file my_file.csv (CSV, C-alpha atoms)
chain,number,residue,atom,x,y,z
A,1,MET,CA,0.0,0.0,0.0
A,2,VAL,CA,1.2,3.5,-0.9
A,3,GLU,CA,-0.5,6.4,0.9
A,4,ILE,CA,0.1,10.0,-0.2
A,5,LYS,CA,-1.0,12.3,2.5
A,6,GLN,CA,-1.6,16.1,1.9
A,7,LEU,CA,1.6,16.3,-0.2
A,8,ARG,CA,2.7,19.8,-1.1
A,9,LYS,CA,5.8,21.1,-2.8
A,10,HIS,CA,6.9,24.8,-3.3
A,11,PHE,CA,9.8,26.0,-5.4
A,12,GLY,CA,10.0,29.6,-4.1
A,13,PRO,CA,6.6,31.2,-5.0
A,14,LEU,CA,5.7,28.3,-7.4
A,15,VAL,CA,3.4,25.7,-6.0
A,16,ALA,CA,4.2,22.6,-8.0
A,17,VAL,CA,2.1,20.1,-6.0
A,18,ASP,CA,-0.8,21.5,-4.0
A,19,ASN,CA,-2.0,19.4,-1.1
A,20,ILE,CA,-2.8,16.1,-2.8
A,21,SER,CA,-3.8,12.8,-1.1
A,22,PHE,CA,-4.6,9.4,-2.5
A,23,GLN,CA,-3.9,5.7,-1.9
A,24,VAL,CA,-2.8,2.9,-4.2
A,25,GLY,CA,-3.1,-0.8,-3.3
A,26,GLN,CA,-1.5,-4.0,-4.4
A,27,GLY,CA,-2.8,-5.1,-7.8
A,28,GLU,CA,-3.6,-1.6,-8.9
A,29,VAL,CA,-1.9,0.1,-11.9
A,30,LEU,CA,-2.5,3.8,-11.4
A,31,GLY,CA,-2.0,6.1,-14.4
A,32,PHE,CA,-0.9,9.6,-13.3
A,33,LEU,CA,-2.2,11.7,-16.1
A,34,GLY,CA,-1.7,15.4,-16.8
A,35,PRO,CA,-0.4,18.1,-19.2
A,36,ASN,CA,3.2,19.2,-19.1
A,37,GLY,CA,4.0,21.1,-15.9
A,38,ALA,CA,1.1,19.5,-14.1
A,39,GLY,CA,3.2,18.2,-11.2
A,40,LYS,CA,3.4,14.5,-12.2
A,41,SER,CA,7.2,14.2,-12.1
A,42,THR,CA,7.5,16.3,-8.9
A,43,THR,CA,5.0,14.0,-7.2
A,44,MET,CA,6.9,10.9,-8.2
A,45,LYS,CA,10.2,12.3,-7.0
A,46,MET,CA,8.6,13.0,-3.6
A,47,ILE,CA,7.0,9.4,-3.5
A,48,THR,CA,10.5,7.9,-4.1
A,49,GLY,CA,12.4,10.2,-1.8
A,50,PHE,CA,14.3,12.2,-4.4
A,51,LEU,CA,12.6,15.4,-3.3
A,52,THR,CA,11.6,16.3,0.2
A,53,PRO,CA,7.9,17.5,0.5
A,54,THR,CA,7.3,21.1,1.7
A,55,THR,CA,4.5,19.6,3.8
A,56,GLY,CA,2.8,16.2,3.9
A,57,THR,CA,4.3,12.8,3.6
A,58,VAL,CA,4.2,9.4,1.8
A,59,LEU,CA,3.8,6.0,3.5
A,60,VAL,CA,5.0,2.9,1.8
A,61,ASP,CA,3.9,-0.3,3.6
A,62,GLY,CA,3.6,1.8,6.7
A,63,HIS,CA,7.0,3.4,6.4
A,64,ASP,CA,7.3,7.2,6.2
A,65,ILE,CA,9.4,8.6,3.4
A,66,VAL,CA,10.4,11.6,5.5
A,67,GLN,CA,11.2,9.6,8.7
A,68,GLN,CA,12.4,6.3,7.2
A,69,PRO,CA,13.7,7.0,3.7
A,70,ILE,CA,15.9,3.9,3.5
A,71,GLU,CA,13.1,1.5,4.4
A,72,VAL,CA,10.9,3.1,1.8
A,73,LYS,CA,13.6,3.1,-0.9
A,74,ARG,CA,14.2,-0.6,-0.3
A,75,ARG,CA,10.6,-1.3,-1.3
A,76,ILE,CA,10.5,0.9,-4.4
A,77,GLY,CA,11.7,0.5,-7.9
A,78,TYR,CA,11.9,3.9,-9.8
A,79,LEU,CA,12.2,4.7,-13.4
A,80,PRO,CA,12.9,8.5,-13.5
A,81,GLU,CA,12.1,10.8,-16.4
A,82,GLY,CA,14.7,10.3,-19.1
A,83,ALA,CA,16.0,7.0,-17.7
A,84,PRO,CA,19.3,8.4,-16.4
A,85,ALA,CA,22.2,6.0,-16.2
A,86,TYR,CA,26.1,6.2,-16.3
A,87,PRO,CA,26.7,6.7,-20.0
A,88,ASP,CA,30.2,5.1,-20.0
A,89,MET,CA,28.9,1.8,-18.5
A,90,THR,CA,27.5,-1.0,-20.5
A,91,PRO,CA,24.0,-2.4,-19.6
A,92,ALA,CA,25.8,-5.5,-18.2
A,93,HIS,CA,28.1,-3.5,-15.9
A,94,PHE,CA,25.3,-1.1,-14.9
A,95,LEU,CA,22.9,-3.9,-13.9
A,96,GLU,CA,25.8,-5.6,-12.0
A,97,PHE,CA,26.4,-2.3,-10.2
A,98,ILE,CA,22.7,-1.8,-9.4
A,99,ALA,CA,22.4,-5.4,-8.1
A,100,ARG,CA,25.3,-4.8,-5.6
A,101,VAL,CA,23.8,-1.5,-4.5
A,102,ARG,CA,20.5,-3.3,-3.9
A,103,GLY,CA,22.2,-6.0,-1.8
A,104,LEU,CA,21.9,-8.9,-4.2
A,105,LYS,CA,24.7,-11.5,-3.9
A,106,GLY,CA,26.1,-14.7,-5.3
A,107,ALA,CA,24.1,-17.0,-7.4
A,108,ASN,CA,20.8,-15.1,-6.7
A,109,LYS,CA,22.4,-11.9,-8.1
A,110,ARG,CA,23.5,-13.6,-11.3
A,111,LYS,CA,20.1,-15.4,-11.7
A,112,ARG,CA,18.1,-12.2,-11.2
A,113,ILE,CA,20.3,-10.2,-13.6
A,114,ASP,CA,19.9,-12.9,-16.3
A,115,GLU,CA,16.1,-13.0,-15.7
A,116,ILE,CA,15.7,-9.2,-16.1
A,117,ILE,CA,17.9,-9.0,-19.2
A,118,GLU,CA,15.6,-11.5,-20.8
A,119,LYS,CA,12.4,-9.8,-19.6
A,120,VAL,CA,13.3,-6.5,-21.1
A,121,ASN,CA,15.2,-7.9,-24.2
A,122,LEU,CA,18.6,-6.3,-23.6
A,123,GLN,CA,20.6,-9.3,-25.0
A,124,THR,CA,21.7,-7.5,-28.2
A,125,VAL,CA,23.1,-4.4,-26.5
A,126,LEU,CA,24.6,-5.8,-23.3
A,127,HIS,CA,28.2,-4.9,-24.1
A,128,GLN,CA,27.6,-1.5,-25.8
A,129,THR,CA,28.2,1.6,-23.7
A,130,ILE,CA,24.9,3.2,-22.6
A,131,ASP,CA,25.6,6.5,-24.4
A,132,THR,CA,25.6,4.7,-27.8
A,133,LEU,CA,22.2,3.2,-27.2
A,134,SER,CA,19.0,4.4,-28.9
A,135,LYS,CA,16.4,6.2,-26.7
A,136,GLY,CA,14.3,3.1,-26.6
A,137,PHE,CA,17.1,0.9,-25.4
A,138,LYS,CA,18.1,3.4,-22.8
A,139,ARG,CA,14.5,3.3,-21.5
A,140,ARG,CA,14.7,-0.5,-21.3
A,141,VAL,CA,17.9,-0.3,-19.3
A,142,GLY,CA,16.2,2.1,-16.9
A,143,LEU,CA,13.2,-0.2,-16.6
A,144,ALA,CA,15.6,-3.2,-15.9
A,145,GLN,CA,17.3,-1.4,-13.0
A,146,ALA,CA,13.9,-0.4,-11.6
A,147,ILE,CA,12.6,-4.0,-11.4
A,148,LEU,CA,15.9,-5.8,-10.7
A,149,HIS,CA,15.4,-6.2,-6.9
A,150,ASP,CA,11.8,-7.3,-7.4
A,151,PRO,CA,10.3,-4.3,-5.4
A,152,GLU,CA,6.8,-4.2,-3.9
A,153,VAL,CA,6.2,-0.8,-5.5
A,154,LEU,CA,7.1,0.4,-9.0
A,155,VAL,CA,7.1,4.1,-9.8
A,156,LEU,CA,7.5,4.6,-13.6
A,157,ASP,CA,7.8,8.1,-15.1
A,158,GLU,CA,6.8,7.8,-18.8
A,159,PRO,CA,7.8,4.1,-19.1
A,160,THR,CA,7.2,3.8,-22.8
A,161,ASP,CA,8.7,7.1,-23.9
A,162,GLY,CA,10.8,6.7,-27.0
A,163,LEU,CA,9.8,3.1,-27.6
A,164,ASP,CA,8.6,1.8,-31.0
A,165,PRO,CA,5.1,0.1,-31.1
A,166,ASN,CA,6.5,-3.4,-30.6
A,167,GLN,CA,8.6,-2.3,-27.7
A,168,LYS,CA,5.7,-0.5,-26.1
A,169,HIS,CA,3.6,-3.7,-26.4
A,170,GLU,CA,6.4,-5.6,-24.7
A,171,VAL,CA,6.7,-3.1,-21.8
A,172,ARG,CA,2.9,-2.9,-21.3
A,173,THR,CA,2.7,-6.7,-21.3
A,174,LEU,CA,5.4,-6.8,-18.6
A,175,ILE,CA,3.7,-4.2,-16.5
A,176,LYS,CA,0.4,-6.1,-16.7
A,177,ALA,CA,2.2,-9.3,-15.7
A,178,MET,CA,3.7,-7.7,-12.7
A,179,ALA,CA,0.6,-5.8,-11.6
A,180,GLN,CA,-1.1,-8.6,-9.6
A,181,GLU,CA,1.7,-8.7,-7.0
A,182,LYS,CA,2.8,-5.0,-6.9
A,183,VAL,CA,1.7,-1.5,-6.5
A,184,ILE,CA,2.4,0.3,-9.8
A,185,ILE,CA,2.2,4.1,-10.4
A,186,LEU,CA,3.1,5.4,-13.8
A,187,SER,CA,3.0,8.9,-15.1
A,188,THR,CA,2.0,9.5,-18.7
A,189,HIS,CA,0.5,12.0,-21.1
A,190,ILE,CA,-0.4,9.3,-23.5
A,191,LEU,CA,-4.0,8.4,-23.2
A,192,GLU,CA,-3.5,5.1,-25.1
A,193,GLU,CA,-1.3,4.0,-22.1
A,194,VAL,CA,-4.2,4.4,-19.7
A,195,TYR,CA,-6.4,2.2,-21.8
A,196,ALA,CA,-3.6,-0.3,-22.3
A,197,VAL,CA,-2.4,-1.0,-18.7
A,198,CYS,CA,-4.1,1.1,-16.1
A,199,SER,CA,-6.9,-0.1,-13.7
A,200,ARG,CA,-7.3,3.5,-12.4
A,201,ALA,CA,-6.3,7.0,-13.5
A,202,ILE,CA,-5.8,10.3,-11.7
A,203,ILE,CA,-5.9,13.5,-13.7
A,204,ILE,CA,-3.7,16.3,-12.3
A,205,ALA,CA,-3.2,19.9,-13.4
A,206,LYS,CA,-1.6,22.9,-11.7
A,207,GLY,CA,-0.6,20.5,-8.9
A,208,LYS,CA,-4.2,19.6,-8.0
A,209,ILE,CA,-6.1,16.3,-8.5
A,210,LEU,CA,-9.0,17.0,-10.7
A,211,ALA,CA,-10.4,13.5,-11.3
A,212,ASP,CA,-9.8,10.0,-9.9
A,213,GLY,CA,-11.4,6.8,-11.1
A,214,THR,CA,-11.2,3.8,-13.5
A,215,PRO,CA,-10.9,4.6,-17.2
A,216,THR,CA,-14.5,3.6,-17.5
A,217,ASP,CA,-15.5,6.0,-14.7
A,218,LEU,CA,-13.6,8.9,-16.4
A,219,GLU,CA,-15.1,8.1,-19.8
A,220,ALA,CA,-18.6,8.4,-18.2
A,221,LYS,CA,-17.8,12.1,-17.5
A,222,SER,CA,-17.5,12.7,-21.3
A,223,ARG,CA,-20.3,14.5,-23.0
A,224,TYR,CA,-20.2,11.6,-25.6
A,225,HIS,CA,-21.0,9.0,-22.9
A,226,ASN,CA,-24.1,7.1,-24.1
A,227,ALA,CA,-24.4,9.2,-27.3
A,228,VAL,CA,-25.8,7.1,-30.1
A,229,THR,CA,-24.7,7.1,-33.7
A,230,ILE,CA,-27.3,6.0,-36.3
A,231,THR,CA,-26.8,5.7,-40.1
A,232,LEU,CA,-29.7,4.8,-42.3
A,233,LYS,CA,-30.6,4.5,-46.0
A,234,ALA,CA,-33.1,7.3,-46.8
A,235,ARG,CA,-33.8,10.0,-49.4
A,236,MET,CA,-32.5,13.5,-48.8
A,237,GLU,CA,-36.0,14.9,-48.8
A,238,GLN,CA,-36.7,12.8,-45.7
A,239,ALA,CA,-33.8,14.2,-43.7
A,240,ALA,CA,-35.7,17.1,-42.0
A,241,SER,CA,-38.6,14.9,-40.8
A,242,ILE,CA,-36.2,12.1,-39.6
A,243,ARG,CA,-34.1,14.7,-37.7
A,244,GLN,CA,-37.2,16.1,-36.1
A,245,SER,CA,-38.6,12.7,-35.1
A,246,LEU,CA,-35.2,11.7,-33.6
A,247,SER,CA,-35.0,15.0,-31.6
A,248,GLN,CA,-38.4,14.3,-30.1
A,249,LEU,CA,-37.6,10.9,-28.7
A,250,SER,CA,-37.7,10.4,-25.0
A,251,GLY,CA,-34.3,11.2,-23.4
A,252,VAL,CA,-32.8,12.9,-26.4
A,253,TYR,CA,-31.7,16.5,-25.9
A,254,LYS,CA,-29.6,17.1,-29.0
A,255,VAL,CA,-29.1,15.7,-32.5
A,256,ASP,CA,-26.0,16.4,-34.5
A,257,ILE,CA,-25.8,15.9,-38.2
A,258,LEU,CA,-22.8,13.7,-39.1
A,259,SER,CA,-23.7,13.5,-42.8
A,260,GLU,CA,-26.7,13.9,-45.1
A,261,MET,CA,-25.9,12.6,-48.5
A,262,ASP,CA,-28.1,11.2,-51.2
A,263,SER,CA,-29.5,7.9,-49.9
A,264,HIS,CA,-27.4,8.0,-46.6
A,265,LEU,CA,-28.2,9.9,-43.5
A,266,SER,CA,-26.1,9.8,-40.3
A,267,TYR,CA,-26.7,11.4,-37.0
A,268,GLN,CA,-25.3,11.5,-33.4
A,269,LEU,CA,-27.9,11.7,-30.6
A,270,PHE,CA,-26.9,13.0,-27.2
A,271,PRO,CA,-28.9,11.9,-24.1
A,272,GLU,CA,-30.2,14.0,-21.3
A,273,THR,CA,-28.0,13.6,-18.2
A,274,GLN,CA,-26.1,10.9,-20.0
A,275,ARG,CA,-28.9,8.3,-19.6
A,276,SER,CA,-29.1,5.3,-21.9
A,277,ILE,CA,-31.2,6.0,-25.0
A,278,ILE,CA,-30.1,3.2,-27.3
A,279,GLY,CA,-33.3,1.2,-26.5
A,280,GLU,CA,-35.7,4.0,-27.5
A,281,ILE,CA,-33.8,4.7,-30.7
A,282,SER,CA,-33.6,1.1,-31.7
A,283,GLN,CA,-37.3,0.5,-31.1
A,284,TYR,CA,-38.3,3.6,-33.0
A,285,ALA,CA,-36.1,2.6,-36.0
A,286,ARG,CA,-37.8,-0.8,-36.1
A,287,ASN,CA,-41.3,0.7,-35.8
A,288,GLN,CA,-40.5,3.1,-38.7
A,289,GLN,CA,-39.0,0.2,-40.7
A,290,TRP,CA,-35.9,2.2,-41.4
A,291,GLU,CA,-33.0,0.5,-43.2
A,292,VAL,CA,-30.4,1.0,-40.5
A,293,GLU,CA,-26.8,0.5,-41.6
A,294,GLU,CA,-25.1,1.5,-38.3
A,295,LEU,CA,-26.3,1.9,-34.7
A,296,HIS,CA,-23.8,2.1,-31.9
A,297,VAL,CA,-23.3,3.6,-28.4
A,298,ASP,CA,-20.3,5.7,-27.5
A,299,LYS,CA,-18.6,4.9,-24.2
A,300,GLY,CA,-17.2,8.4,-23.9
A,301,HIS,CA,-13.9,10.0,-24.9
A,302,LEU,CA,-11.1,10.1,-22.3
A,303,ASP,CA,-9.2,12.7,-24.4
A,304,GLU,CA,-12.3,15.0,-24.3
A,305,VAL,CA,-12.6,14.5,-20.5
A,306,PHE,CA,-8.9,15.3,-20.1
A,307,ARG,CA,-9.1,18.5,-22.2
A,308,SER,CA,-12.3,19.8,-20.6
A,309,ILE,CA,-11.1,19.2,-17.0
A,310,THR,CA,-7.7,20.7,-17.5
A,311,GLU,CA,-8.9,23.6,-19.7
A,312,ASP,CA,-11.6,24.4,-17.2
A,313,LEU,CA,-9.0,24.8,-14.4
A,314,SER,CA,-6.8,26.9,-16.6
A,315,GLU,CA,-9.7,29.2,-17.5
A,316,SER,CA,-10.8,29.5,-13.9
A,317,LYS,CA,-7.2,30.6,-13.0
A,318,HIS,CA,-7.5,33.5,-15.4
A,319,ARG,CA,-10.9,34.8,-14.4

call {"tool": "encode", "arguments": {"input": "my_file.csv", "output": "structure tokens"}}
result
Amino acid sequence: MVEIKQLRKHFGPLVAVDNISFQVGQGEVLGFLGPNGAGKSTTMKMITGFLTPTTGTVLVDGHDIVQQPIEVKRRIGYLPEGAPAYPDMTPAHFLEFIARVRGLKGANKRKRIDEIIEKVNLQTVLHQTIDTLSKGFKRRVGLAQAILHDPEVLVLDEPTDGLDPNQKHEVRTLIKAMAQEKVIILSTHILEEVYAVCSRAIIIAKGKILADGTPTDLEAKSRYHNAVTITLKARMEQAASIRQSLSQLSGVYKVDILSEMDSHLSYQLFPETQRSIIGEISQYARNQQWEVEELHVDKGHLDEVFRSITEDLSESKHR
């Protein structure tokens, strides 16, 4: 269990993180989502003990990061932003060094290093110096050192940054495989990452938590949640009457025209208070004997929720 308690960080007059609190339990993959400058990396540095909070604290398995930093750091694996490493070391030497720092010894050390090299696919670059590696391979070296000591908690800052699609898939598969036994917190500005690996997401902006829930919960905040798209074969001269009849259905507050072309009409219907309207629309279409080509319900758009929440905060700051 990781508990963040009223965490706050000032840099002079700048408030980077503003009194945030949340908990993350074993088996959860928390996506920490926000625009650039939101406070994501600063929060992660405080969780891992690289920055001291101005006020508040972090508990990891009951240990306080301010009072017991070594105990906390033993339990955490951290992939910082940019995956820093000693550039003149090879991945093989670097992992050997990290293993010694983490207290791994003898046969167990060798076994663990070999397992991690295979897990993150570093075999082909083991004996190149790190400064000659691509951004993607540097990221993989950073991930390898983070998981080398099999920590209870993983804190990953942009874990797939710089990876190609195949490498992203491998890292995401690895994160999901580890998730059942660990607490995983990852920061990202890539919404695709949230869908791919996260069981929960927090949206942060201007150092404040603006939303916290599962990806499905956050999608439900979208104005597109439960919106229905219908496409049917009909003549253009029928368009006005069809639009009017759709707008008058129970629960429908708005009808947007997606396209009105000869023989094909397509509309998006938005519900009142995000209620489900698919049943009424489907039944009405059957009663009218329309030739429906498409009928589907939108779950909601996480990108639209993200923009509306973060933009609303930005606008309120300037009022």

call {"tool": "atom_distance", "arguments": {"input": "my_file.csv", "atom1": "atom CA of A:Ser276", "atom2": "atom CA of A:Ile202"}}
result
25.9 Å

call {"tool": "closest_atom_pairs", "arguments": {"input": "my_file.csv", "of": "stretch 33-93 of chain A", "to": "stretch 176-191 of chain A", "cutoff": "12 Å", "atoms": "all atoms listed in the file", "output": "JSON lines"}}
result
{"residue": "A:Leu33", "atom": "CA", "partner": "A:Thr188", "partner_atom": "CA", "distance": 5.4}
{"residue": "A:Gly34", "atom": "CA", "partner": "A:His189", "partner_atom": "CA", "distance": 5.9}
{"residue": "A:Pro35", "atom": "CA", "partner": "A:His189", "partner_atom": "CA", "distance": 6.5}
{"residue": "A:Asn36", "atom": "CA", "partner": "A:His189", "partner_atom": "CA", "distance": 7.9}
{"residue": "A:Gly37", "atom": "CA", "partner": "A:His189", "partner_atom": "CA", "distance": 11.0}
{"residue": "A:Ala38", "atom": "CA", "partner": "A:His189", "partner_atom": "CA", "distance": 10.3}
{"residue": "A:Gly39", "atom": "CA", "partner": "A:Ser187", "partner_atom": "CA", "distance": 10.1}
{"residue": "A:Lys40", "atom": "CA", "partner": "A:Ser187", "partner_atom": "CA", "distance": 6.3}
{"residue": "A:Ser41", "atom": "CA", "partner": "A:Ser187", "partner_atom": "CA", "distance": 7.4}
{"residue": "A:Thr42", "atom": "CA", "partner": "A:Ser187", "partner_atom": "CA", "distance": 10.7}
{"residue": "A:Thr43", "atom": "CA", "partner": "A:Ser187", "partner_atom": "CA", "distance": 9.6}
{"residue": "A:Met44", "atom": "CA", "partner": "A:Ser187", "partner_atom": "CA", "distance": 8.2}
{"residue": "A:Lys45", "atom": "CA", "partner": "A:Ser187", "partner_atom": "CA", "distance": 11.4}
{"residue": "A:Ile47", "atom": "CA", "partner": "A:Ile185", "partner_atom": "CA", "distance": 9.9}
{"residue": "A:Thr48", "atom": "CA", "partner": "A:Ile185", "partner_atom": "CA", "distance": 11.1}
{"residue": "A:Val60", "atom": "CA", "partner": "A:Val183", "partner_atom": "CA", "distance": 10.0}
{"residue": "A:Asp61", "atom": "CA", "partner": "A:Val183", "partner_atom": "CA", "distance": 10.4}
{"residue": "A:Arg75", "atom": "CA", "partner": "A:Lys182", "partner_atom": "CA", "distance": 10.3}
{"residue": "A:Ile76", "atom": "CA", "partner": "A:Val183", "partner_atom": "CA", "distance": 9.4}
{"residue": "A:Gly77", "atom": "CA", "partner": "A:Ile184", "partner_atom": "CA", "distance": 9.5}
{"residue": "A:Tyr78", "atom": "CA", "partner": "A:Ile185", "partner_atom": "CA", "distance": 9.7}
{"residue": "A:Leu79", "atom": "CA", "partner": "A:Leu186", "partner_atom": "CA", "distance": 9.1}
{"residue": "A:Pro80", "atom": "CA", "partner": "A:Ser187", "partner_atom": "CA", "distance": 10.0}
{"residue": "A:Glu81", "atom": "CA", "partner": "A:Ser187", "partner_atom": "CA", "distance": 9.4}

call {"tool": "closest_residue", "arguments": {"input": "my_file.csv", "among": "A:Glu96, A:Asp298, A:Asp150, A:Asp88", "to": "A:Asp131", "atoms": "all atoms listed in the file"}}
result
A:Asp88

call {"tool": "residues_near_point", "arguments": {"input": "my_file.csv", "point": "(-26.0, 17.3, -42.8)", "cutoff": "12 Å", "atoms": "only C-alpha atoms", "output": "number ranges by chain"}}
result
A: 231, 236-240, 242-243, 255-262, 264-268

call {"tool": "closest_residue", "arguments": {"input": "my_file.csv", "among": "A:Val17, A:Cys198, A:Leu246, A:Val297", "to": "A:Val228", "atoms": "only C-alpha atoms"}}
result
A:Val297

call {"tool": "closest_residue", "arguments": {"input": "my_file.csv", "among": "A:Pro87, A:Arg112, A:Ser199, A:Val125", "to": "A:Ala99", "atoms": "only C-alpha atoms"}}
result
A:Arg112

call {"tool": "closest_residue", "arguments": {"input": "my_file.csv", "among": "A:Leu126, A:Leu210, A:Ile70, A:Ile65", "to": "A:Pro91", "atoms": "all atoms listed in the file"}}
result
A:Leu126

call {"tool": "residues_around", "arguments": {"input": "my_file.csv", "residues": "A:Lys5", "least_positions_apart": "5", "cutoff": "12 Å", "atoms": "all atoms listed in the file", "output": "list in words"}}
result
Val17, Asp18, Asn19, Ile20, Ser21, Phe22, Gln23, Val24, Thr43, Met46, Ile47, Pro53, Thr55, Gly56, Thr57, Val58, Leu59, Val60, Asp64, Ile65 and Val66 of chain A

call {"tool": "atom_distance", "arguments": {"input": "my_file.csv", "atom1": "atom CA of A:Ala234", "atom2": "atom CA of A:Glu291"}}
result
7.7 Å

call {"tool": "closest_residue", "arguments": {"input": "my_file.csv", "among": "A:Glu28, A:Thr52, A:Gly207, A:Arg172", "to": "A:Tyr195", "atoms": "all atoms listed in the file"}}
result
A:Arg172

call {"tool": "atom_distance", "arguments": {"input": "my_file.csv", "atom1": "atom CA of A:Val141", "atom2": "atom CA of A:Pro215"}}
result
29.3 Å

call {"tool": "closest_residue", "arguments": {"input": "my_file.csv", "among": "A:His301, A:Gly31, A:Gly62, A:Met89", "to": "A:Pro159", "atoms": "only C-alpha atoms"}}
result
A:Gly31

call {"tool": "residues_around", "arguments": {"input": "my_file.csv", "residues": "A:Ala85", "least_positions_apart": "6", "cutoff": "8 Å", "atoms": "all atoms listed in the file", "output": "VMD selection string"}}
result
chain A and resid 94 130 142
